[in-house]
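**Student:** What follows is entry-v3.tsv, made up of TSV, C-alpha atoms:
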```tsv
chain	number	residue	atom	x	y	z
A	462	MET	CA	-21.69	3.16	49.02
A	463	THR	CA	-21.30	0.05	46.92
A	464	PRO	CA	-17.82	-1.40	46.38
A	465	GLU	CA	-18.05	-0.60	42.69
A	466	LEU	CA	-18.83	3.11	43.34
A	467	MET	CA	-16.05	3.36	45.93
A	468	TRP	CA	-13.46	2.09	43.42
A	469	ILE	CA	-14.72	4.59	40.83
A	470	VAL	CA	-14.26	7.49	43.34
A	471	ILE	CA	-10.76	6.27	44.25
A	472	ALA	CA	-9.77	6.01	40.59
A	473	ALA	CA	-11.10	9.50	39.83
A	474	ALA	CA	-9.21	10.96	42.77
A	475	ALA	CA	-6.01	9.29	41.61
A	476	VAL	CA	-6.43	10.76	38.14
A	477	VAL	CA	-6.92	14.25	39.61
A	478	LEU	CA	-3.81	13.90	41.77
A	479	LEU	CA	-1.75	12.74	38.79
A	480	VAL	CA	-2.92	15.72	36.71
A	481	VAL	CA	-2.12	18.21	39.50
A	482	PHE	CA	1.29	16.64	40.10
A	483	GLY	CA	2.09	16.76	36.38
A	484	VAL	CA	1.14	20.44	36.13
A	485	LEU	CA	3.40	21.28	39.09
A	486	LEU	CA	6.30	19.46	37.48
A	487	LEU	CA	5.90	21.19	34.13
A	488	ARG	CA	5.27	24.71	35.44
A	489	LYS	CA	8.29	27.06	35.27
A	490	PRO	CA	9.39	28.66	38.54
A	491	LYS	CA	8.02	32.12	39.11
A	492	ALA	CA	10.56	34.95	39.00
A	493	PRO	CA	11.05	36.84	42.24
A	494	LYS	CA	9.38	40.20	42.65
A	495	GLY	CA	11.27	42.79	40.62
A	496	GLY	CA	12.75	40.12	38.35
A	497	TYR	CA	15.96	38.20	38.64
A	498	PRO	CA	18.94	40.11	39.97
A	499	GLY	CA	21.13	41.55	37.24
A	500	THR	CA	24.88	41.16	37.02
A	501	ARG	CA	27.69	43.28	35.70
A	502	ASP	CA	30.36	40.61	36.09
A	503	MET	CA	30.92	39.83	32.42
A	504	ASP	CA	32.83	36.64	33.30
A	505	ASP	CA	29.54	35.18	34.52
A	506	VAL	CA	27.56	36.14	31.41
A	507	PRO	CA	26.94	33.28	28.93
A	508	ASP	CA	28.15	33.47	25.35
A	509	ILE	CA	26.59	35.94	22.96
A	510	THR	CA	24.97	35.09	19.67
A	511	ASP	CA	25.83	36.71	16.35
A	512	GLU	CA	23.02	39.15	17.04
A	513	GLY	CA	24.77	40.23	20.24
A	514	VAL	CA	22.31	38.83	22.80
A	515	VAL	CA	22.92	36.48	25.69
A	516	GLU	CA	21.66	32.91	25.33
A	517	ASP	CA	19.99	30.86	28.07
A	518	SER	CA	20.46	33.51	30.75
A	519	PRO	CA	18.09	33.81	33.74
A	520	VAL	CA	19.10	37.45	34.14
A	521	ALA	CA	18.23	40.42	31.97
A	522	THR	CA	19.59	40.16	28.44
A	523	LEU	CA	23.07	41.66	28.46
A	524	GLU	CA	25.61	42.52	25.81
A	525	ARG	CA	29.35	42.00	26.11
A	526	PRO	CA	31.14	45.29	25.30
A	527	GLU	CA	34.26	45.15	23.19
A	528	SER	CA	37.63	45.47	24.95
A	529	ALA	CA	39.68	48.67	24.69
A	530	ARG	CA	42.39	46.86	22.69
A	531	GLY	CA	39.89	45.70	20.08
A	532	ARG	CA	38.34	49.15	19.86
A	533	LEU	CA	41.69	50.85	19.25
A	534	GLU	CA	42.67	48.48	16.47
A	535	ARG	CA	39.31	48.76	14.75
A	536	LEU	CA	39.06	52.53	15.10
A	537	ARG	CA	42.58	53.06	13.81
A	538	GLY	CA	41.72	51.01	10.74
A	539	ARG	CA	38.57	53.05	10.19
A	540	LEU	CA	40.43	56.31	10.66
A	541	ALA	CA	43.13	55.30	8.18
A	542	LYS	CA	40.50	54.42	5.57
A	543	SER	CA	38.56	57.66	6.04
A	544	ASN	CA	39.21	61.02	4.43
A	545	THR	CA	43.00	61.45	4.52
A	546	VAL	CA	43.09	64.77	2.67
A	547	LEU	CA	45.20	66.36	5.38
A	548	GLY	CA	48.10	63.90	5.38
A	549	LYS	CA	48.09	63.08	1.68
A	550	GLY	CA	47.69	66.72	0.72
A	551	LEU	CA	50.68	67.76	2.80
A	552	LEU	CA	52.88	64.94	1.50
A	553	LYS	CA	51.97	65.82	-2.08
A	554	LEU	CA	52.90	69.45	-1.54
A	555	LEU	CA	56.17	68.56	0.20
A	556	SER	CA	57.13	66.19	-2.63
A	557	ARG	CA	57.11	68.89	-5.31
A	558	GLU	CA	60.28	69.31	-7.37
A	559	ARG	CA	60.59	72.88	-6.12
A	560	ILE	CA	59.19	74.06	-2.79
A	561	ASP	CA	58.82	77.84	-2.90
A	562	GLN	CA	56.88	80.31	-0.78
A	563	ASP	CA	53.69	79.62	-2.75
A	564	THR	CA	54.00	75.94	-1.79
A	565	TRP	CA	54.43	76.81	1.88
A	566	ASP	CA	51.36	79.06	1.65
A	567	GLU	CA	49.38	76.14	0.22
A	568	ILE	CA	50.59	73.92	3.06
A	569	GLU	CA	49.43	76.49	5.58
A	570	ASP	CA	46.03	76.77	3.86
A	571	THR	CA	45.67	72.97	3.99
A	572	LEU	CA	46.34	73.01	7.72
A	573	LEU	CA	43.86	75.82	8.30
A	574	MET	CA	41.15	73.97	6.37
A	575	ALA	CA	41.81	70.99	8.64
A	576	ASP	CA	40.87	73.18	11.63
A	577	LEU	CA	44.38	73.11	13.05
A	578	GLY	CA	44.10	76.77	14.05
A	579	THR	CA	46.19	79.74	12.93
A	580	ASP	CA	48.96	79.60	15.55
A	581	ALA	CA	49.51	75.85	15.21
A	582	SER	CA	49.45	76.04	11.41
A	583	VAL	CA	52.09	78.78	11.32
A	584	GLU	CA	54.24	76.89	13.83
A	585	LEU	CA	54.10	73.64	11.86
A	586	VAL	CA	54.92	75.38	8.58
A	587	GLU	CA	57.86	77.27	10.07
A	588	ASN	CA	59.29	74.14	11.69
A	589	LEU	CA	58.92	72.08	8.51
A	590	LYS	CA	60.38	74.86	6.36
A	591	LYS	CA	63.43	75.08	8.61
A	592	ARG	CA	64.03	71.32	8.70
A	593	VAL	CA	63.56	70.85	4.94
A	594	ARG	CA	65.96	73.72	4.29
A	595	VAL	CA	68.60	72.29	6.65
A	596	THR	CA	68.37	68.68	5.45
A	597	GLY	CA	67.74	69.54	1.80
A	598	THR	CA	65.81	66.26	1.51
A	599	LYS	CA	63.32	65.49	-1.20
A	600	ASP	CA	62.98	61.81	-0.37
A	601	PRO	CA	59.28	61.01	0.22
A	602	GLY	CA	60.09	58.68	3.12
A	603	GLU	CA	62.22	61.30	4.89
A	604	LEU	CA	59.64	64.02	4.26
A	605	LYS	CA	56.95	61.79	5.70
A	606	ALA	CA	59.07	61.17	8.80
A	607	LEU	CA	59.61	64.91	9.28
A	608	LEU	CA	55.90	65.58	8.89
A	609	ARG	CA	55.05	62.83	11.40
A	610	GLU	CA	57.45	64.24	13.99
A	611	GLU	CA	56.13	67.78	13.69
A	612	MET	CA	52.47	66.75	13.74
A	613	LEU	CA	53.04	64.44	16.71
A	614	ALA	CA	54.67	67.30	18.60
A	615	LEU	CA	51.57	69.42	18.03
A	616	VAL	CA	49.18	66.65	19.14
A	617	ASP	CA	51.47	66.19	22.17
A	618	PRO	CA	51.87	62.54	23.20
A	619	THR	CA	53.07	63.60	26.67
A	620	LEU	CA	49.61	64.68	27.87
A	621	ASP	CA	47.86	62.51	30.44
A	622	ARG	CA	44.84	61.14	28.59
A	623	SER	CA	43.65	58.67	31.22
A	624	VAL	CA	40.04	59.07	32.38
A	625	ARG	CA	40.03	59.18	36.18
A	626	THR	CA	37.66	56.38	37.13
A	627	GLU	CA	39.39	54.89	40.16
A	628	ALA	CA	37.17	54.84	43.25
A	629	VAL	CA	38.48	55.79	46.69
A	630	PRO	CA	37.48	53.91	49.85
A	631	GLY	CA	33.79	54.54	50.50
A	632	LYS	CA	33.19	56.70	47.44
A	633	PRO	CA	32.96	56.12	43.68
A	634	ALA	CA	34.77	58.08	41.01
A	635	VAL	CA	32.39	60.71	39.62
A	636	VAL	CA	32.46	61.73	35.96
A	637	LEU	CA	30.37	64.71	34.84
A	638	VAL	CA	29.65	64.84	31.09
A	639	VAL	CA	28.71	68.18	29.52
A	640	GLY	CA	28.14	69.60	26.04
A	641	VAL	CA	25.64	71.37	23.82
A	642	ASN	CA	22.58	69.76	22.25
A	643	GLY	CA	23.24	67.55	19.26
A	644	VAL	CA	26.85	66.52	19.90
A	645	GLY	CA	25.89	63.01	21.05
A	646	LYS	CA	26.40	63.62	24.77
A	647	THR	CA	23.90	61.12	26.16
A	648	THR	CA	25.04	58.54	23.63
A	649	THR	CA	28.63	59.19	24.71
A	650	VAL	CA	27.71	58.54	28.35
A	651	GLY	CA	26.14	55.23	27.33
A	652	LYS	CA	29.18	54.26	25.27
A	653	LEU	CA	31.55	55.24	28.07
A	654	ALA	CA	29.57	53.00	30.42
A	655	ARG	CA	30.27	50.13	28.01
A	656	VAL	CA	34.00	50.94	28.03
A	657	LEU	CA	34.03	50.80	31.84
A	658	VAL	CA	31.97	47.61	32.02
A	659	ALA	CA	34.49	46.00	29.65
A	660	GLU	CA	37.11	46.95	32.26
A	661	ASP	CA	35.06	45.10	34.93
A	662	LYS	CA	34.01	48.28	36.71
A	663	ASP	CA	30.74	48.58	38.62
A	664	VAL	CA	29.00	51.55	37.00
A	665	LEU	CA	25.92	53.65	37.82
A	666	LEU	CA	24.35	56.29	35.56
A	667	GLY	CA	22.75	59.57	36.61
A	668	ALA	CA	20.17	61.06	34.22
A	669	ALA	CA	20.52	64.75	35.13
A	670	ASP	CA	19.36	65.95	31.70
A	671	THR	CA	15.84	66.56	32.99
A	672	PHE	CA	14.84	69.11	30.34
A	673	ARG	CA	14.81	66.71	27.39
A	674	ALA	CA	11.96	64.25	27.75
A	675	ALA	CA	13.66	61.32	26.05
A	676	ALA	CA	17.11	61.78	27.62
A	677	ALA	CA	16.51	59.65	30.73
A	678	ASP	CA	14.81	56.91	28.69
A	679	GLN	CA	17.70	56.90	26.22
A	680	LEU	CA	20.29	56.70	28.99
A	681	GLU	CA	18.38	53.98	30.82
A	682	THR	CA	18.27	51.90	27.63
A	683	TRP	CA	22.02	52.21	27.16
A	684	GLY	CA	22.61	51.11	30.75
A	685	ALA	CA	20.20	48.19	30.61
A	686	ARG	CA	22.04	46.70	27.64
A	687	VAL	CA	25.08	46.05	29.84
A	688	GLY	CA	23.41	45.65	33.22
A	689	VAL	CA	24.09	49.18	34.51
A	690	PRO	CA	21.36	50.87	36.61
A	691	THR	CA	20.20	54.45	36.04
A	692	VAL	CA	19.10	56.96	38.68
A	693	ARG	CA	16.47	59.30	37.22
A	694	SER	CA	13.52	61.46	38.13
A	695	GLU	CA	10.06	60.59	36.89
A	696	GLN	CA	9.20	64.29	36.97
A	697	GLU	CA	10.01	66.13	33.74
A	698	GLY	CA	11.93	69.32	34.43
A	699	ALA	CA	13.10	68.19	37.86
A	700	ASP	CA	16.08	69.94	39.42
A	701	PRO	CA	19.12	68.42	37.62
A	702	ALA	CA	21.39	69.10	40.59
A	703	SER	CA	19.12	67.04	42.84
A	704	VAL	CA	19.09	64.13	40.40
A	705	ALA	CA	22.87	64.26	40.08
A	706	TYR	CA	23.24	64.29	43.88
A	707	ASP	CA	20.85	61.33	44.24
A	708	ALA	CA	22.86	59.39	41.67
A	709	VAL	CA	26.11	59.95	43.53
A	710	LYS	CA	24.51	59.04	46.86
A	711	ALA	CA	23.16	55.86	45.29
A	712	GLY	CA	26.64	55.12	43.96
A	713	ILE	CA	28.03	55.46	47.48
A	714	ASP	CA	25.31	53.27	48.99
A	715	GLN	CA	25.72	50.58	46.31
A	716	GLU	CA	29.53	50.73	46.47
A	717	ALA	CA	29.80	51.48	42.75
A	718	ASP	CA	33.19	52.10	41.18
A	719	VAL	CA	32.08	54.90	38.88
A	720	VAL	CA	29.07	57.23	38.60
A	721	LEU	CA	28.56	58.83	35.16
A	722	VAL	CA	26.33	61.91	35.24
A	723	ASP	CA	24.67	63.10	32.03
A	724	THR	CA	23.70	66.78	31.97
A	725	ALA	CA	21.41	68.92	29.84
A	726	GLY	CA	22.72	70.11	26.48
A	727	ARG	CA	23.17	73.75	27.26
A	728	LEU	CA	23.48	76.38	24.57
A	729	GLN	CA	26.74	78.24	24.96
A	730	ASN	CA	25.06	81.65	24.87
A	731	LYS	CA	22.67	80.92	27.76
A	732	ALA	CA	24.41	82.29	30.85
A	733	GLY	CA	21.64	81.09	33.19
A	734	LEU	CA	22.01	77.52	32.01
A	735	MET	CA	25.77	77.71	32.46
A	736	ASP	CA	25.17	78.85	36.04
A	737	GLN	CA	22.95	75.80	36.49
A	738	LEU	CA	25.78	73.57	35.29
A	739	GLY	CA	28.06	75.06	37.92
A	740	LYS	CA	25.37	74.38	40.51
A	741	VAL	CA	25.17	70.71	39.48
A	742	LYS	CA	28.89	70.30	40.13
A	743	ARG	CA	28.75	72.12	43.48
A	744	VAL	CA	25.82	70.02	44.71
A	745	ILE	CA	27.48	66.75	43.65
A	746	GLU	CA	30.56	67.71	45.63
A	747	LYS	CA	28.53	67.76	48.84
A	748	ALA	CA	28.54	63.96	48.51
A	749	ALA	CA	31.76	63.22	46.60
A	750	GLU	CA	34.47	64.89	44.58
A	751	VAL	CA	33.97	65.24	40.84
A	752	ASP	CA	36.98	63.43	39.36
A	753	GLU	CA	36.40	64.23	35.69
A	754	VAL	CA	34.45	66.83	33.73
A	755	LEU	CA	34.36	65.64	30.12
A	756	LEU	CA	33.26	68.05	27.42
A	757	VAL	CA	31.74	66.37	24.36
A	758	ILE	CA	32.47	68.17	21.09
A	759	ASP	CA	31.29	67.31	17.58
A	760	ALA	CA	34.53	67.28	15.56
A	761	THR	CA	32.70	68.40	12.42
A	762	THR	CA	31.75	71.75	13.97
A	763	GLY	CA	35.35	72.96	13.71
A	764	GLN	CA	36.04	76.37	15.16
A	765	ASN	CA	32.46	76.65	16.41
A	766	GLY	CA	33.31	73.75	18.67
A	767	MET	CA	36.20	75.82	19.99
A	768	ALA	CA	33.81	78.64	20.89
A	769	GLN	CA	31.57	76.17	22.74
A	770	ALA	CA	34.53	74.73	24.61
A	771	LYS	CA	35.70	78.11	25.88
A	772	VAL	CA	32.29	79.01	27.28
A	773	PHE	CA	31.94	75.66	29.05
A	774	ALA	CA	35.43	76.05	30.48
A	775	GLU	CA	34.31	79.32	32.08
A	776	ALA	CA	31.36	77.60	33.77
A	777	VAL	CA	33.11	74.47	35.05
A	778	ASP	CA	36.68	73.16	35.13
A	779	ILE	CA	36.99	70.92	32.07
A	780	THR	CA	39.46	68.06	32.56
A	781	GLY	CA	39.15	66.30	29.22
A	782	ILE	CA	37.61	66.38	25.75
A	783	VAL	CA	35.55	63.72	23.97
A	784	LEU	CA	35.56	64.25	20.20
A	785	THR	CA	32.64	62.60	18.43
A	786	LYS	CA	32.16	62.11	14.68
A	787	LEU	CA	35.91	62.22	14.05
A	788	ASP	CA	35.42	60.04	10.98
A	789	GLY	CA	37.21	62.31	8.51
A	790	THR	CA	40.85	63.23	9.12
A	791	ALA	CA	40.58	66.26	6.84
A	792	LYS	CA	39.19	67.95	9.98
A	793	GLY	CA	41.50	66.18	12.38
A	794	GLY	CA	43.31	69.39	13.22
A	795	ILE	CA	40.56	70.20	15.72
A	796	VAL	CA	42.41	67.87	18.13
A	797	VAL	CA	45.33	70.30	18.25
A	798	ALA	CA	43.22	73.46	18.24
A	799	ILE	CA	40.99	72.43	21.11
A	800	GLN	CA	43.85	71.15	23.26
A	801	ARG	CA	45.73	74.41	22.82
A	802	GLY	CA	42.66	76.53	23.35
A	803	LEU	CA	41.65	74.85	26.63
A	804	GLY	CA	44.93	73.47	27.89
A	805	VAL	CA	43.29	70.06	28.43
A	806	PRO	CA	43.76	66.84	26.44
A	807	VAL	CA	41.48	64.96	24.10
A	808	LYS	CA	40.85	61.75	26.06
A	809	LEU	CA	38.26	59.86	24.02
A	810	ILE	CA	37.24	59.80	20.36
A	811	GLY	CA	34.23	58.44	18.53
A	812	LEU	CA	34.38	57.37	14.90
A	813	GLY	CA	30.96	55.89	14.24
A	814	GLU	CA	27.43	55.13	15.37
A	815	GLY	CA	28.09	51.65	16.75
A	816	PRO	CA	27.75	51.03	20.51
A	817	ASP	CA	31.49	50.30	20.84
A	818	ASP	CA	32.71	53.11	18.55
A	819	LEU	CA	34.29	55.05	21.40
A	820	ALA	CA	37.89	54.53	22.46
A	821	PRO	CA	40.78	56.19	24.29
A	822	PHE	CA	42.61	58.74	22.15
A	823	ASN	CA	46.16	57.74	21.21
A	824	ALA	CA	48.34	60.51	19.76
A	825	GLU	CA	50.74	58.22	17.87
A	826	GLN	CA	47.99	56.14	16.31
A	827	PHE	CA	46.04	59.25	15.34
A	828	VAL	CA	49.02	60.87	13.54
A	829	ASP	CA	49.99	57.59	11.88
A	830	ALA	CA	46.45	57.17	10.57
A	831	ILE	CA	46.54	60.67	9.09
A	832	ILE	CA	49.82	60.36	7.17
A	833	ASP	CA	49.82	56.64	6.27
```
Is it possible to give me this structure as structure tokens?
**Tutor:**
Amino acid sequence: MTPELMWIVIAAAAVVLLVVFGVLLLRKPKAPKGGYPGTRDMDDVPDITDEGVVEDSPVATLERPESARGRLERLRGRLAKSNTVLGKGLLKLLSRERIDQDTWDEIEDTLLMADLGTDASVELVENLKKRVRVTGTKDPGELKALLREEMLALVDPTLDRSVRTEAVPGKPAVVLVVGVNGVGKTTTVGKLARVLVAEDKDVLLGAADTFRAAAADQLETWGARVGVPTVRSEQEGADPASVAYDAVKAGIDQEADVVLVDTAGRLQNKAGLMDQLGKVKRVIEKAAEVDEVLLVIDATTGQNGMAQAKVFAEAVDITGIVLTKLDGTAKGGIVVAIQRGLGVPVKLIGLGEGPDDLAPFNAEQFVDAIID
């Protein structure tokens, strides 16, 4: 080989090496198999844009759920601005120059139309009638105070409305969510997961609604938005009790704080399906205790919601109520009716379609929003 040819070969080799080295420097690192590990520690999640997505994050795109304090303030404002027929109607009737029996009958009718229930409506009217007669007041401010006191007594601020989500050593808290089709049950599970993530809890979802094809996909999407995994079956129509059990076992293995189990929306007149719901709870309890059974009720269904609640209560011990679509206080009386009918408190309320439109129920704030 001539010296000239040798230098040409050396130069060409150098060019090739430089190109290869440049490509290696510019190439992005390959993600590990299965993707980057997710995180549910919201302190480690970068800031969120106005569109609600994480910027410059190597993990899956996560959202930062709103805190409980922010939810309560926002929901109270929305409730106060919504349909206040109940409170304003009562105050208008009580402020008449002369309050006779016809007026009291109108007050009772207003309460009944607000789904307060017959017994509670009669009780409130009798108590107000007695106090107005004794005090003889016609001052709007005093009448409003009397109305607030009597309504607050019916809503009962003394009830324990905390959702039991505290894990015990070696086992997560287990929350079973039940309700008929169409009340927003799966959506409620997803929103509740966001509430718990905002409280820095390690959450796992169980998609035990195996009869509705899109239910598991919907639940998985809710979980993915905040970095919460979902245990599901790829087989449509799989045994819901088995899926629920697998979810709880996974929660134990992964040392989760809370496992939320979504169940099929069972029609209240289907005894066989109610039996299946009881089976789901019994099978779960082979792995861990069920700490909460939350019944989701659409507040707009009124007394029909009461009928649903009673049937569910016969199938499984209900520990709390979630009222969705409570965006009109004209029907706010359902809070009282359902608590009295079941003997369990309303623990959570939903006032909108937004992902963070679910918050703990507060009796004082609810009554104040009605009569303000």
**Student:** Need the axis-aligned box for range 608-619 of chain A with 3 Å each side, so what are the centre and edges in Å to one decimal, as AutoDock Vina command-line options?
**Tutor:**
```
--center_x 53.3 --center_y 66.0 --center_z 17.8 --size_x 14.3 --size_y 12.9 --size_z 23.8
```
**Student:** State, in Å with one decimal place, the distance from CA of Pro821 in chain A to CA of Val664 in chain A.
**Tutor:**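 So the two atoms, CA of Pro821 in chain A and CA of Val664 in chain A, lie 17.9 Å apart.
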**Student:** Between A:Val639, A:Leu657, A:Val692, A:Ala798, which residue has the minimum interatomic distance to Ala776 in chain A, considering all atoms listed in the file?
**Tutor:**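 The answer is A:Val639, which sits nearest to Ala776 in chain A.
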**Student:** If you count all atoms listed in the file, which residues fall within 6 Å of Asp723 in chain A, apart from same-chain ones fewer than 2 positions away, as an mmCIF file with C-alpha atoms, in the frame of the given file?
**Tutor:**
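Heads up, here's the output in out.cif:
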```cif
data_model
loop_
_atom_site.group_PDB
_atom_site.id
_atom_site.type_symbol
_atom_site.label_atom_id
_atom_site.label_comp_id
_atom_site.auth_asym_id
_atom_site.auth_seq_id
_atom_site.Cartn_x
_atom_site.Cartn_y
_atom_site.Cartn_z
ATOM 1 C CA VAL A 638 29.650 64.840 31.090
ATOM 2 C CA ALA A 668 20.170 61.060 34.220
ATOM 3 C CA ALA A 669 20.520 64.750 35.130
#
```
**Student:** Between CA of Leu577 in chain A and CA of Val636 in chain A, what is the distance, to one decimal in Å?
**Tutor:**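 Computed distance, CA of Leu577 in chain A to CA of Val636 in chain A, equals 28.2 Å.
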**Student:** Excluding Ile782 in chain A and any residue of its chain fewer than 6 positions from it, enumerate the residues within 9 Å of it, using only C-alpha atoms, and give them as a ChimeraX atom specification.
**Tutor:** /A:754-758,770,799-800,805-810
**Student:** Fewer than 5 positions away in the same chain doesn't count, so skip those; otherwise give me all residues within 9 Å of Glu716 in chain A, counting all atoms listed in the file, as JSON, numbers by chain.
**Tutor:** {"A": [631, 632, 633, 663, 711]}
**Student:** Just the selected residues (C-alpha atoms), exported as a CSV table (one decimal), keeping the file's coordinate frame, please.
**Tutor:**
```csv
chain,number,residue,atom,x,y,z
A,631,GLY,CA,33.8,54.5,50.5
A,632,LYS,CA,33.2,56.7,47.4
A,633,PRO,CA,33.0,56.1,43.7
A,663,ASP,CA,30.7,48.6,38.6
A,711,ALA,CA,23.2,55.9,45.3
```
**Student:** Quick one, how far is CA of Leu555 in chain A from CA of Phe827 in chain A?
**Tutor:**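 Straight-line distance from CA of Leu555 in chain A to CA of Phe827 in chain A works out to 20.5 Å.
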**Student:** Need to verify the contact set: Arg625 in chain A, 9 Å, only C-alpha atoms, exclusion of same-chain residues closer than 5 positions in sequence. Can you return it as a list of chain:residue names?
**Tutor:**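 Residues near the query, excluding close chain neighbours: A:Ala634, A:Val635, A:Val636, A:Asp752, A:Glu753.
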**Student:** Which residues are near Thr579 in chain A? Cut-off 9 Å, all atoms listed in the file, ignore same chain within fewer than 4 positions. Put them as a list in words.
**Tutor:**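 What passes the distance filter is Glu569, Leu572, Leu573, Val583, Glu584 and Ala798 of chain A.
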**Student:** Which residue, A:Val720, A:Ile779, A:Val644, A:Met612, has the smallest gap to Gly739 in chain A when you use all atoms listed in the file?
**Tutor:** A:Ile779
